[in-house]
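*Asks:* Structure file entry.cif, mmCIF, C-alpha atoms, pLDDT in the B column; chains and numbers go by the auth columns, is pasted below:
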```cif
data_coords
#
loop_
_atom_site.group_PDB
_atom_site.id
_atom_site.type_symbol
_atom_site.label_atom_id
_atom_site.label_comp_id
_atom_site.label_asym_id
_atom_site.label_seq_id
_atom_site.Cartn_x
_atom_site.Cartn_y
_atom_site.Cartn_z
_atom_site.B_iso_or_equiv
_atom_site.auth_seq_id
_atom_site.auth_asym_id
ATOM 1 C CA MET A 1 121.476 115.184 7.193 94.00 25 A
ATOM 2 C CA LEU A 2 118.833 112.521 7.111 97.00 26 A
ATOM 3 C CA HIS A 3 115.616 113.200 9.056 98.00 27 A
ATOM 4 C CA GLU A 4 112.882 110.712 9.942 98.00 28 A
ATOM 5 C CA LEU A 5 109.168 111.107 10.472 98.00 29 A
ATOM 6 C CA TRP A 6 107.845 108.504 12.886 98.00 30 A
ATOM 7 C CA ALA A 7 104.100 107.921 13.311 98.00 31 A
ATOM 8 C CA SER A 8 102.013 105.913 15.749 97.00 32 A
ATOM 9 C CA ALA A 9 98.277 105.635 16.240 95.00 33 A
ATOM 10 C CA SER A 10 98.235 108.752 18.416 95.00 34 A
ATOM 11 C CA SER A 11 101.259 110.917 17.528 94.00 35 A
ATOM 12 C CA HIS A 12 104.145 111.664 15.208 94.00 36 A
ATOM 13 C CA THR A 13 107.763 112.718 15.740 97.00 37 A
ATOM 14 C CA PHE A 14 110.128 114.384 13.261 98.00 38 A
ATOM 15 C CA CYS A 15 113.792 114.060 14.209 96.00 39 A
ATOM 16 C CA LEU A 16 117.315 113.555 12.960 95.00 40 A
ATOM 17 C CA ALA A 17 118.243 110.020 11.983 96.00 41 A
ATOM 18 C CA GLY A 18 121.148 108.290 13.703 93.00 42 A
ATOM 19 C CA PRO A 19 122.693 109.164 17.057 91.00 43 A
ATOM 20 C CA ALA A 20 121.598 112.831 16.966 88.00 44 A
ATOM 21 C CA GLY A 21 117.929 111.801 17.122 93.00 45 A
ATOM 22 C CA GLU A 22 118.254 108.937 19.578 94.00 46 A
ATOM 23 C CA ARG A 23 116.873 110.807 22.597 94.00 47 A
ATOM 24 C CA TYR A 24 113.676 111.594 20.670 94.00 48 A
ATOM 25 C CA ARG A 25 113.241 108.033 19.438 95.00 49 A
ATOM 26 C CA THR A 26 113.388 106.741 23.030 95.00 50 A
ATOM 27 C CA LEU A 27 110.095 108.598 23.611 95.00 51 A
ATOM 28 C CA LEU A 28 108.256 106.912 20.735 96.00 52 A
ATOM 29 C CA GLU A 29 105.272 104.705 21.391 95.00 53 A
ATOM 30 C CA SER A 30 105.759 100.982 20.789 95.00 54 A
ATOM 31 C CA ASP A 31 103.695 101.025 17.577 97.00 55 A
ATOM 32 C CA ALA A 32 105.651 103.900 15.958 98.00 56 A
ATOM 33 C CA LYS A 33 107.009 103.329 12.451 98.00 57 A
ATOM 34 C CA ILE A 34 109.083 105.433 10.065 98.00 58 A
ATOM 35 C CA VAL A 35 106.688 106.830 7.460 98.00 59 A
ATOM 36 C CA TRP A 36 108.962 109.312 5.646 98.00 60 A
ATOM 37 C CA THR A 37 112.606 110.345 5.416 98.00 61 A
ATOM 38 C CA VAL A 38 114.187 113.460 3.949 98.00 62 A
ATOM 39 C CA GLU A 39 117.664 114.949 3.529 98.00 63 A
ATOM 40 C CA ALA A 40 118.161 118.550 4.673 97.00 64 A
ATOM 41 C CA ASP A 41 121.126 120.865 5.217 96.00 65 A
ATOM 42 C CA SER A 42 119.652 122.883 8.101 96.00 66 A
ATOM 43 C CA THR A 43 116.800 122.891 10.569 95.00 67 A
ATOM 44 C CA PHE A 44 114.980 125.443 8.418 97.00 68 A
ATOM 45 C CA ASP A 45 115.408 123.277 5.310 98.00 69 A
ATOM 46 C CA ALA A 46 114.159 120.200 7.190 98.00 70 A
ATOM 47 C CA MET A 47 111.137 121.958 8.661 98.00 71 A
ATOM 48 C CA THR A 48 110.240 123.559 5.314 98.00 72 A
ATOM 49 C CA LYS A 49 110.195 120.110 3.688 98.00 73 A
ATOM 50 C CA TYR A 50 108.295 118.628 6.644 98.00 74 A
ATOM 51 C CA TYR A 51 105.590 121.313 6.483 98.00 75 A
ATOM 52 C CA GLU A 52 105.262 120.759 2.751 98.00 76 A
ATOM 53 C CA TYR A 53 104.968 116.982 3.227 98.00 77 A
ATOM 54 C CA MET A 54 102.314 117.417 5.918 97.00 78 A
ATOM 55 C CA GLY A 55 100.375 120.008 3.882 97.00 79 A
ATOM 56 C CA TRP A 56 100.684 122.667 6.577 97.00 80 A
ATOM 57 C CA GLY A 57 101.708 125.566 4.350 96.00 81 A
ATOM 58 C CA HIS A 58 104.904 127.575 4.766 96.00 82 A
ATOM 59 C CA TYR A 59 107.189 127.042 7.743 97.00 83 A
ATOM 60 C CA LYS A 60 108.094 130.177 9.693 97.00 84 A
ATOM 61 C CA SER A 61 110.930 129.961 12.174 96.00 85 A
ATOM 62 C CA SER A 62 110.983 131.784 15.498 95.00 86 A
ATOM 63 C CA PHE A 63 114.795 131.671 15.297 94.00 87 A
ATOM 64 C CA PRO A 64 115.725 132.041 11.606 95.00 88 A
ATOM 65 C CA GLU A 65 119.293 133.190 12.313 93.00 89 A
ATOM 66 C CA ILE A 66 119.943 129.833 14.012 92.00 90 A
ATOM 67 C CA ASP A 67 117.626 127.567 12.016 95.00 91 A
ATOM 68 C CA LYS A 68 119.089 128.625 8.665 96.00 92 A
ATOM 69 C CA GLN A 69 122.674 127.828 9.709 95.00 93 A
ATOM 70 C CA PRO A 70 123.944 124.698 7.937 95.00 94 A
ATOM 71 C CA TYR A 71 124.269 121.713 10.264 91.00 95 A
ATOM 72 C CA ALA A 72 127.978 121.563 9.393 87.00 96 A
ATOM 73 C CA GLU A 73 128.435 124.917 11.159 87.00 97 A
ATOM 74 C CA ARG A 74 126.398 124.099 14.291 82.00 98 A
ATOM 75 C CA ASP A 75 128.408 122.662 17.151 77.00 99 A
ATOM 76 C CA ASP A 76 125.288 122.594 19.355 73.00 100 A
ATOM 77 C CA ILE A 77 124.121 119.599 17.303 68.00 101 A
ATOM 78 C CA PHE A 78 127.486 117.998 16.614 61.00 102 A
ATOM 79 C CA PRO A 79 129.997 119.302 19.168 54.00 103 A
ATOM 80 C CA SER A 80 133.599 119.240 18.055 50.00 104 A
ATOM 81 C CA VAL A 81 135.645 116.596 19.741 38.00 105 A
#
```
What is this structure when it is put down as structure tokens?

*Replies:*
Amino acid sequence: MLHELWASASSHTFCLAGPAGERYRTLLESDAKIVWTVEADSTFDAMTKYYEYMGWGHYKSSFPEIDKQPYAERDDIFPSV
């Protein structure tokens, strides 16, 4: 899954690209721009790459049993139709 990092003068937002991240992008400030994109197979994978990109050290999840599940197996993100 493609993830986007958006940045403005006062904040940044890291979210899924496409329809799954739309609700987060509606909250962006008017000057926000995409500054980085990354592919990841799970929330844990995405956050690990994000922390590395930002120079924040190692990502530690509060919910590793959920965050390490591949997106393809998570119907809370992409409900089956």

*Asks:* Please provide the set of residues having any atom within 9 Å of Thr61 in chain A, restricted to all atoms listed in the file, with same-chain residues fewer than 6 positions apart removed, written as a list in words.

*Replies:*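 Selected residues are Leu26, His27, Glu28, Leu29 and Ala41 of chain A.
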
*Asks:* Suppose we keep C-alpha atoms; can you now write the selection as a PDB file, in the coordinates of the input?

*Replies:*
```pdb
ATOM      1  CA  LEU A  26     118.833 112.521   7.111  1.00 97.00           C
ATOM      2  CA  HIS A  27     115.616 113.200   9.056  1.00 98.00           C
ATOM      3  CA  GLU A  28     112.882 110.712   9.942  1.00 98.00           C
ATOM      4  CA  LEU A  29     109.168 111.107  10.472  1.00 98.00           C
ATOM      5  CA  ALA A  41     118.243 110.020  11.983  1.00 96.00           C
TER       6      ALA A  41
END
```

*Asks:* Can you list what the PyMOL selection byres ((chain A and resi 54) around 12) grabs from this structure, as a list of chain:residue names?

*Replies:* A:Trp30, A:Ala31, A:Ser32, A:Ala33, A:Ser34, A:Ser35, A:Arg49, A:Thr50, A:Leu51, A:Leu52, A:Glu53, A:Asp55, A:Ala56, A:Lys57

*Asks:* Could you write those residues out with C-alpha atoms, as a PDB file, keeping the file's coordinate frame?

*Replies:*
```pdb
ATOM      1  CA  TRP A  30     107.845 108.504  12.886  1.00 98.00           C
ATOM      2  CA  ALA A  31     104.100 107.921  13.311  1.00 98.00           C
ATOM      3  CA  SER A  32     102.013 105.913  15.749  1.00 97.00           C
ATOM      4  CA  ALA A  33      98.277 105.635  16.240  1.00 95.00           C
ATOM      5  CA  SER A  34      98.235 108.752  18.416  1.00 95.00           C
ATOM      6  CA  SER A  35     101.259 110.917  17.528  1.00 94.00           C
ATOM      7  CA  ARG A  49     113.241 108.033  19.438  1.00 95.00           C
ATOM      8  CA  THR A  50     113.388 106.741  23.030  1.00 95.00           C
ATOM      9  CA  LEU A  51     110.095 108.598  23.611  1.00 95.00           C
ATOM     10  CA  LEU A  52     108.256 106.912  20.735  1.00 96.00           C
ATOM     11  CA  GLU A  53     105.272 104.705  21.391  1.00 95.00           C
ATOM     12  CA  ASP A  55     103.695 101.025  17.577  1.00 97.00           C
ATOM     13  CA  ALA A  56     105.651 103.900  15.958  1.00 98.00           C
ATOM     14  CA  LYS A  57     107.009 103.329  12.451  1.00 98.00           C
TER      15      LYS A  57
END
```

*Asks:* Using all atoms listed in the file, determine which residues lie at most 6 Å from Asp91 in chain A, disregarding the query and same-chain residues fewer than 4 positions distant; provide the list as a list in words.

*Replies:* Thr67, Phe68 and Phe87 of chain A

*Asks:* Tell me, in Å to one decimal, how far CA of Val62 in chain A is from CA of Pro94 in chain A.

*Replies:*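 Taking CA of Val62 in chain A as the start and CA of Pro94 in chain A as the end point, the length is 15.4 Å.
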
*Asks:* Find, counting all atoms listed in the file, the residue in A:Glu63, A:Met25, A:Gly79, A:Glu97 that gets nearest to Ala44 in chain A.

*Replies:*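 Among A:Glu63, A:Met25, A:Gly79, A:Glu97, it is A:Met25 that comes nearest to Ala44 in chain A.
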
*Asks:* Please measure the separation of CA of Glu76 in chain A and CA of Thr37 in chain A, giving the value in Å to one decimal.

*Replies:* 15.5 Å

*Asks:* Between CA of Pro43 in chain A and CA of His82 in chain A, what distance in Å does the model show, to one decimal?

*Replies:*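 Distance between the two atoms: 28.4 Å.
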
*Asks:* Calculated over all atoms listed in the file, which of the candidates A:Ser85, A:Arg98, A:His36, A:Tyr74 has the smallest distance to Tyr48 in chain A?

*Replies:*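 Result for the nearest residue to Tyr48 in chain A: A:His36.
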
*Asks:* From the structure just shown, export range 73-104 of chain A with N, CA and C atoms as an mmCIF file, in the first residue's frame.

*Replies:*
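Result file selection_25.cif:
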```cif
data_model
loop_
_atom_site.group_PDB
_atom_site.id
_atom_site.type_symbol
_atom_site.label_atom_id
_atom_site.label_comp_id
_atom_site.auth_asym_id
_atom_site.auth_seq_id
_atom_site.Cartn_x
_atom_site.Cartn_y
_atom_site.Cartn_z
ATOM 1 N N LYS A 73 9.215 2.499 8.552
ATOM 2 C CA LYS A 73 9.850 3.283 7.484
ATOM 3 C C LYS A 73 9.704 4.780 7.742
ATOM 4 N N TYR A 74 8.560 5.192 8.239
ATOM 5 C CA TYR A 74 8.309 6.601 8.563
ATOM 6 C C TYR A 74 9.253 7.074 9.660
ATOM 7 N N TYR A 75 9.401 6.313 10.722
ATOM 8 C CA TYR A 75 10.314 6.684 11.807
ATOM 9 C C TYR A 75 11.751 6.788 11.305
ATOM 10 N N GLU A 76 12.123 5.847 10.436
ATOM 11 C CA GLU A 76 13.473 5.891 9.875
ATOM 12 C C GLU A 76 13.662 7.152 9.033
ATOM 13 N N TYR A 77 12.682 7.463 8.189
ATOM 14 C CA TYR A 77 12.751 8.658 7.344
ATOM 15 C C TYR A 77 12.869 9.934 8.189
ATOM 16 N N MET A 78 12.107 9.987 9.275
ATOM 17 C CA MET A 78 12.101 11.177 10.120
ATOM 18 C C MET A 78 13.301 11.237 11.071
ATOM 19 N N GLY A 79 14.051 10.145 11.194
ATOM 20 C CA GLY A 79 15.196 10.112 12.097
ATOM 21 C C GLY A 79 14.812 9.985 13.553
ATOM 22 N N TRP A 80 13.699 9.320 13.818
ATOM 23 C CA TRP A 80 13.172 9.205 15.181
ATOM 24 C C TRP A 80 13.572 7.918 15.891
ATOM 25 N N GLY A 81 14.418 7.109 15.289
ATOM 26 C CA GLY A 81 14.798 5.855 15.919
ATOM 27 C C GLY A 81 13.847 4.733 15.548
ATOM 28 N N HIS A 82 13.744 3.736 16.418
ATOM 29 C CA HIS A 82 12.928 2.556 16.138
ATOM 30 C C HIS A 82 11.484 2.762 16.552
ATOM 31 N N TYR A 83 10.575 2.353 15.689
ATOM 32 C CA TYR A 83 9.143 2.428 15.986
ATOM 33 C C TYR A 83 8.756 1.276 16.901
ATOM 34 N N LYS A 84 7.997 1.562 17.930
ATOM 35 C CA LYS A 84 7.456 0.540 18.822
ATOM 36 C C LYS A 84 5.945 0.699 18.840
ATOM 37 N N SER A 85 5.266 -0.366 18.505
ATOM 38 C CA SER A 85 3.807 -0.346 18.434
ATOM 39 C C SER A 85 3.188 -0.659 19.791
ATOM 40 N N SER A 86 2.097 0.004 20.088
ATOM 41 C CA SER A 86 1.303 -0.319 21.281
ATOM 42 C C SER A 86 0.389 -1.515 21.005
ATOM 43 N N PHE A 87 0.202 -1.832 19.721
ATOM 44 C CA PHE A 87 -0.690 -2.919 19.317
ATOM 45 C C PHE A 87 -0.026 -3.778 18.239
ATOM 46 N N PRO A 88 1.109 -4.409 18.550
ATOM 47 C CA PRO A 88 1.852 -5.140 17.517
ATOM 48 C C PRO A 88 1.065 -6.273 16.869
ATOM 49 N N GLU A 89 0.185 -6.933 17.616
ATOM 50 C CA GLU A 89 -0.579 -8.040 17.036
ATOM 51 C C GLU A 89 -1.508 -7.560 15.922
ATOM 52 N N ILE A 90 -1.935 -6.321 15.978
ATOM 53 C CA ILE A 90 -2.774 -5.735 14.929
ATOM 54 C C ILE A 90 -1.900 -5.056 13.879
ATOM 55 N N ASP A 91 -0.958 -4.245 14.318
ATOM 56 C CA ASP A 91 -0.141 -3.452 13.397
ATOM 57 C C ASP A 91 0.737 -4.286 12.473
ATOM 58 N N LYS A 92 1.072 -5.503 12.872
ATOM 59 C CA LYS A 92 1.912 -6.347 12.024
ATOM 60 C C LYS A 92 1.098 -7.196 11.046
ATOM 61 N N GLN A 93 -0.228 -7.167 11.155
ATOM 62 C CA GLN A 93 -1.059 -7.903 10.202
ATOM 63 C C GLN A 93 -0.965 -7.235 8.831
ATOM 64 N N PRO A 94 -0.758 -8.018 7.780
ATOM 65 C CA PRO A 94 -0.739 -7.435 6.430
ATOM 66 C C PRO A 94 -2.071 -6.738 6.125
ATOM 67 N N TYR A 95 -1.993 -5.634 5.404
ATOM 68 C CA TYR A 95 -3.216 -4.913 5.038
ATOM 69 C C TYR A 95 -4.217 -5.832 4.348
ATOM 70 N N ALA A 96 -3.728 -6.765 3.540
ATOM 71 C CA ALA A 96 -4.608 -7.665 2.797
ATOM 72 C C ALA A 96 -5.504 -8.506 3.717
ATOM 73 N N GLU A 97 -5.091 -8.657 4.970
ATOM 74 C CA GLU A 97 -5.864 -9.454 5.927
ATOM 75 C C GLU A 97 -6.716 -8.604 6.870
ATOM 76 N N ARG A 98 -6.695 -7.290 6.715
ATOM 77 C CA ARG A 98 -7.386 -6.400 7.654
ATOM 78 C C ARG A 98 -8.648 -5.823 7.036
ATOM 79 N N ASP A 99 -9.801 -6.345 7.433
ATOM 80 C CA ASP A 99 -11.040 -5.810 6.891
ATOM 81 C C ASP A 99 -11.495 -4.541 7.603
ATOM 82 N N ASP A 100 -10.773 -4.107 8.651
ATOM 83 C CA ASP A 100 -11.096 -2.834 9.285
ATOM 84 C C ASP A 100 -10.606 -1.664 8.426
ATOM 85 N N ILE A 101 -9.658 -1.925 7.538
ATOM 86 C CA ILE A 101 -9.160 -0.893 6.633
ATOM 87 C C ILE A 101 -9.884 -0.975 5.295
ATOM 88 N N PHE A 102 -10.029 -2.190 4.805
ATOM 89 C CA PHE A 102 -10.699 -2.425 3.528
ATOM 90 C C PHE A 102 -11.786 -3.482 3.755
ATOM 91 N N PRO A 103 -12.949 -3.051 4.219
ATOM 92 C CA PRO A 103 -14.024 -4.026 4.483
ATOM 93 C C PRO A 103 -14.392 -4.797 3.223
ATOM 94 N N SER A 104 -14.702 -6.072 3.407
ATOM 95 C CA SER A 104 -15.147 -6.850 2.251
ATOM 96 C C SER A 104 -16.533 -6.386 1.839
#
```
